file model-v2.pdb (PDB, C-alpha atoms)
ATOM      1  CA  MET A   1      16.631 -13.020  -7.644  1.00  0.00           C
ATOM      2  CA  ASN A   2      13.049 -11.792  -7.369  1.00  0.00           C
ATOM      3  CA  ALA A   3       9.868 -13.764  -7.985  1.00  0.00           C
ATOM      4  CA  VAL A   4       6.133 -13.116  -7.950  1.00  0.00           C
ATOM      5  CA  TRP A   5       4.294 -15.143  -5.321  1.00  0.00           C
ATOM      6  CA  LYS A   6       0.593 -15.274  -4.494  1.00  0.00           C
ATOM      7  CA  PHE A   7      -1.009 -15.436  -1.086  1.00  0.00           C
ATOM      8  CA  PRO A   8      -4.675 -16.142  -0.250  1.00  0.00           C
ATOM      9  CA  ILE A   9      -6.287 -13.414   1.823  1.00  0.00           C
ATOM     10  CA  PRO A  10      -9.083 -13.637   4.385  1.00  0.00           C
ATOM     11  CA  LEU A  11     -12.186 -11.472   4.069  1.00  0.00           C
ATOM     12  CA  GLU A  12     -11.469  -9.538   7.268  1.00  0.00           C
ATOM     13  CA  ASP A  13     -11.255  -5.789   7.925  1.00  0.00           C
ATOM     14  CA  VAL A  14      -7.624  -6.016   9.086  1.00  0.00           C
ATOM     15  CA  PHE A  15      -5.351  -9.015   8.654  1.00  0.00           C
ATOM     16  CA  GLU A  16      -1.696 -10.014   8.430  1.00  0.00           C
ATOM     17  CA  ILE A  17       0.158 -12.163   5.923  1.00  0.00           C
ATOM     18  CA  GLU A  18       3.642 -13.593   6.333  1.00  0.00           C
ATOM     19  CA  MET A  19       5.878 -12.616   3.407  1.00  0.00           C
ATOM     20  CA  PRO A  20       9.599 -12.242   2.802  1.00  0.00           C
ATOM     21  CA  ARG A  21      10.954  -8.920   4.097  1.00  0.00           C
ATOM     22  CA  VAL A  22      10.672  -5.957   1.669  1.00  0.00           C
ATOM     23  CA  SER A  23       7.998  -7.616  -0.479  1.00  0.00           C
ATOM     24  CA  LYS A  24       6.027  -5.365  -2.804  1.00  0.00           C
ATOM     25  CA  PRO A  25       2.282  -6.049  -3.132  1.00  0.00           C
ATOM     26  CA  LEU A  26       1.305  -5.826  -6.804  1.00  0.00           C
ATOM     27  CA  SER A  27      -2.305  -6.842  -7.311  1.00  0.00           C
ATOM     28  CA  VAL A  28      -5.351  -8.432  -5.712  1.00  0.00           C
ATOM     29  CA  GLN A  29      -7.839 -10.548  -7.683  1.00  0.00           C
ATOM     30  CA  VAL A  30     -10.177 -13.488  -7.358  1.00  0.00           C
ATOM     31  CA  GLN A  31      -8.739 -16.694  -8.809  1.00  0.00           C
ATOM     32  CA  LYS A  32     -10.979 -19.763  -8.952  1.00  0.00           C
ATOM     33  CA  GLY A  33     -13.209 -18.292  -6.228  1.00  0.00           C
ATOM     34  CA  ILE A  34     -10.343 -17.474  -3.841  1.00  0.00           C
ATOM     35  CA  VAL A  35      -9.179 -13.918  -3.193  1.00  0.00           C
ATOM     36  CA  GLN A  36      -5.413 -13.744  -3.767  1.00  0.00           C
ATOM     37  CA  ILE A  37      -2.750 -11.073  -3.469  1.00  0.00           C
ATOM     38  CA  TRP A  38       0.305 -11.192  -5.726  1.00  0.00           C
ATOM     39  CA  ALA A  39       3.563  -9.707  -4.473  1.00  0.00           C
ATOM     40  CA  LEU A  40       7.084  -9.241  -5.798  1.00  0.00           C
ATOM     41  CA  VAL A  41       9.310 -11.040  -3.291  1.00  0.00           C
ATOM     42  CA  THR A  42      12.941 -11.943  -2.807  1.00  0.00           C
ATOM     43  CA  PRO A  43      12.979 -15.624  -1.784  1.00  0.00           C
ATOM     44  CA  GLY A  44      15.345 -16.405   1.065  1.00  0.00           C
ATOM     45  CA  ARG A  45      14.797 -13.143   2.948  1.00  0.00           C
ATOM     46  CA  ASP A  46      13.552 -13.254   6.522  1.00  0.00           C
ATOM     47  CA  ILE A  47       9.803 -13.803   6.806  1.00  0.00           C
ATOM     48  CA  VAL A  48       7.872 -10.936   8.404  1.00  0.00           C
ATOM     49  CA  LYS A  49       4.218 -10.126   8.944  1.00  0.00           C
ATOM     50  CA  ARG A  50       2.638  -7.491   6.745  1.00  0.00           C
ATOM     51  CA  ARG A  51      -0.651  -5.798   7.692  1.00  0.00           C
ATOM     52  CA  PHE A  52      -3.463  -5.189   5.215  1.00  0.00           C
ATOM     53  CA  TYR A  53      -6.764  -3.318   5.420  1.00  0.00           C
ATOM     54  CA  LEU A  54      -9.846  -4.364   3.478  1.00  0.00           C
ATOM     55  CA  CYS A  55     -12.725  -1.963   2.900  1.00  0.00           C
ATOM     56  CA  GLY A  56     -16.050  -2.474   1.147  1.00  0.00           C
ATOM     57  CA  THR A  57     -17.352   0.288  -1.101  1.00  0.00           C
ATOM     58  CA  GLY A  58     -19.426   2.745   0.927  1.00  0.00           C
ATOM     59  CA  HIS A  59     -18.344   1.374   4.309  1.00  0.00           C
ATOM     60  CA  PRO A  60     -16.883   4.086   6.571  1.00  0.00           C
ATOM     61  CA  ARG A  61     -13.456   3.189   8.007  1.00  0.00           C
ATOM     62  CA  GLU A  62     -11.618   5.581  10.321  1.00  0.00           C
ATOM     63  CA  ASP A  63      -8.737   3.143  10.863  1.00  0.00           C
ATOM     64  CA  ILE A  64      -7.423   3.359   7.280  1.00  0.00           C
ATOM     65  CA  PRO A  65      -4.929   6.246   6.975  1.00  0.00           C
ATOM     66  CA  ARG A  66      -4.880   8.047   3.613  1.00  0.00           C
ATOM     67  CA  SER A  67      -1.123   7.457   3.484  1.00  0.00           C
ATOM     68  CA  LEU A  68      -1.503   3.679   2.951  1.00  0.00           C
ATOM     69  CA  ASN A  69      -0.656   2.236  -0.438  1.00  0.00           C
ATOM     70  CA  PHE A  70      -3.629   1.050  -2.485  1.00  0.00           C
ATOM     71  CA  VAL A  71      -3.152  -2.504  -3.758  1.00  0.00           C
ATOM     72  CA  GLY A  72      -6.311  -2.978  -5.786  1.00  0.00           C
ATOM     73  CA  THR A  73     -10.038  -3.605  -6.041  1.00  0.00           C
ATOM     74  CA  PHE A  74     -11.833  -6.916  -6.475  1.00  0.00           C
ATOM     75  CA  GLN A  75     -15.443  -8.037  -6.744  1.00  0.00           C
ATOM     76  CA  LEU A  76     -17.402 -10.943  -5.288  1.00  0.00           C
ATOM     77  CA  GLY A  77     -20.993 -12.109  -5.547  1.00  0.00           C
ATOM     78  CA  GLN A  78     -21.246 -11.480  -9.297  1.00  0.00           C
ATOM     79  CA  GLY A  79     -20.157  -7.884  -8.772  1.00  0.00           C
ATOM     80  CA  ASN A  80     -22.571  -7.132  -5.937  1.00  0.00           C
ATOM     81  CA  LEU A  81     -19.739  -6.823  -3.392  1.00  0.00           C
ATOM     82  CA  VAL A  82     -16.773  -4.572  -4.172  1.00  0.00           C
ATOM     83  CA  PHE A  83     -13.719  -4.501  -1.898  1.00  0.00           C
ATOM     84  CA  HIS A  84     -10.578  -2.348  -1.842  1.00  0.00           C
ATOM     85  CA  LEU A  85      -7.261  -3.539  -0.384  1.00  0.00           C
ATOM     86  CA  PHE A  86      -4.659  -1.284   1.248  1.00  0.00           C
ATOM     87  CA  ASP A  87      -1.111  -2.202   2.328  1.00  0.00           C
ATOM     88  CA  GLY A  88      -0.249  -1.231   5.892  1.00  0.00           C
ATOM     89  CA  GLY A  89       3.377  -2.323   5.585  1.00  0.00           C
ATOM     90  CA  GLU A  90       5.603  -4.612   7.590  1.00  0.00           C
ATOM     91  CA  ILE A  91       5.010  -5.083  11.292  1.00  0.00           C
ATOM     92  CA  GLU A  92       8.172  -4.766  13.302  1.00  0.00           C
TER      93      GLU A  92
END
call {"tool": "encode", "arguments": {"input": "model-v2.pdb", "output": "structure tokens"}}
result
Amino acid sequence: MNAVWKFPIPLEDVFEIEMPRVSKPLSVQVQKGIVQIWALVTPGRDIVKRRFYLCGTGHPREDIPRSLNFVGTFQLGQGNLVFHLFDGGEIE
């Protein structure tokens, strides 16, 4: 049985989150001042690390391949800061 879980994310260029294997990131948004990612997961699967890349609008980033899946965009600071999240996949 699948479920949607949320995970808080750090405001770092590259970071990892532990999720059940074969999770599918769905959306990223700010909830009550905390940036969260929602993912479709299968509870009970092995937990693995998944890498994510965060990029601010207009900031050059050579370490983000075009082939990565886009998760979403969120805003902070009353819309003055705009970030884009990309899924780098599971780390083996």
call {"tool": "residues_around", "arguments": {"input": "model-v2.pdb", "residues": "stretch 63-78 of chain A", "least_positions_apart": "5", "cutoff": "6 Å", "atoms": "all atoms listed in the file", "output": "list in words"}}
result
Ser27, Val28, Gln29, Phe83, His84, Leu85, Phe86, Asp87 and Gly88 of chain A
call {"tool": "closest_residue", "arguments": {"input": "model-v2.pdb", "among": "A:Gly79, A:Pro25, A:Pro60, A:Gly89", "to": "A:Asp13", "atoms": "all atoms listed in the file"}}
result
A:Pro60
call {"tool": "resolve_selection", "arguments": {"input": "model-v2.pdb", "expression": "the PyMOL selection byres ((chain A and resi 57) around 7)", "output": "list in words"}}
result
Cys55, Gly56, Gly58, His59, Val82 and Phe83 of chain A
call {"tool": "write_last_selection", "arguments": {"input": "model-v2.pdb", "atoms": "C-alpha atoms", "output": "PDB file, in the coordinates of the input"}}
result
ATOM      1  CA  CYS A  55     -12.725  -1.963   2.900  1.00  0.00           C
ATOM      2  CA  GLY A  56     -16.050  -2.474   1.147  1.00  0.00           C
ATOM      3  CA  GLY A  58     -19.426   2.745   0.927  1.00  0.00           C
ATOM      4  CA  HIS A  59     -18.344   1.374   4.309  1.00  0.00           C
ATOM      5  CA  VAL A  82     -16.773  -4.572  -4.172  1.00  0.00           C
ATOM      6  CA  PHE A  83     -13.719  -4.501  -1.898  1.00  0.00           C
TER       7      PHE A  83
END
call {"tool": "residues_around", "arguments": {"input": "model-v2.pdb", "residues": "A:Glu90", "least_positions_apart": "2", "cutoff": "7 Å", "atoms": "all atoms listed in the file", "output": "JSON, numbers by chain"}}
result
{"A": [48, 49, 50, 51, 88, 92]}
call {"tool": "resolve_selection", "arguments": {"input": "model-v2.pdb", "expression": "the PyMOL selection byres ((chain A and resi 39-42) around 8)", "output": "list in words"}}
result
Met1, Asn2, Ala3, Val4, Trp5, Lys6, Met19, Pro20, Arg21, Val22, Ser23, Lys24, Pro25, Leu26, Ser27, Ile37, Trp38, Pro43, Gly44 and Arg45 of chain A
call {"tool": "atom_distance", "arguments": {"input": "model-v2.pdb", "atom1": "atom CA of A:Asn80", "atom2": "atom CA of A:Glu16"}}
result
25.5 Å
call {"tool": "atom_distance", "arguments": {"input": "model-v2.pdb", "atom1": "atom CA of A:Arg61", "atom2": "atom CA of A:Lys32"}}
result
28.6 Å
call {"tool": "atom_distance", "arguments": {"input": "model-v2.pdb", "atom1": "atom CA of A:Gln36", "atom2": "atom CA of A:Ile91"}}
result
20.3 Å
call {"tool": "closest_residue", "arguments": {"input": "model-v2.pdb", "among": "A:Val35, A:Asp46, A:Val30, A:Phe52", "to": "A:Ile17", "atoms": "all atoms listed in the file"}}
result
A:Phe52
call {"tool": "closest_residue", "arguments": {"input": "model-v2.pdb", "among": "A:Gly33, A:Glu62, A:Glu18, A:Pro10", "to": "A:Ile47", "atoms": "only C-alpha atoms"}}
result
A:Glu18
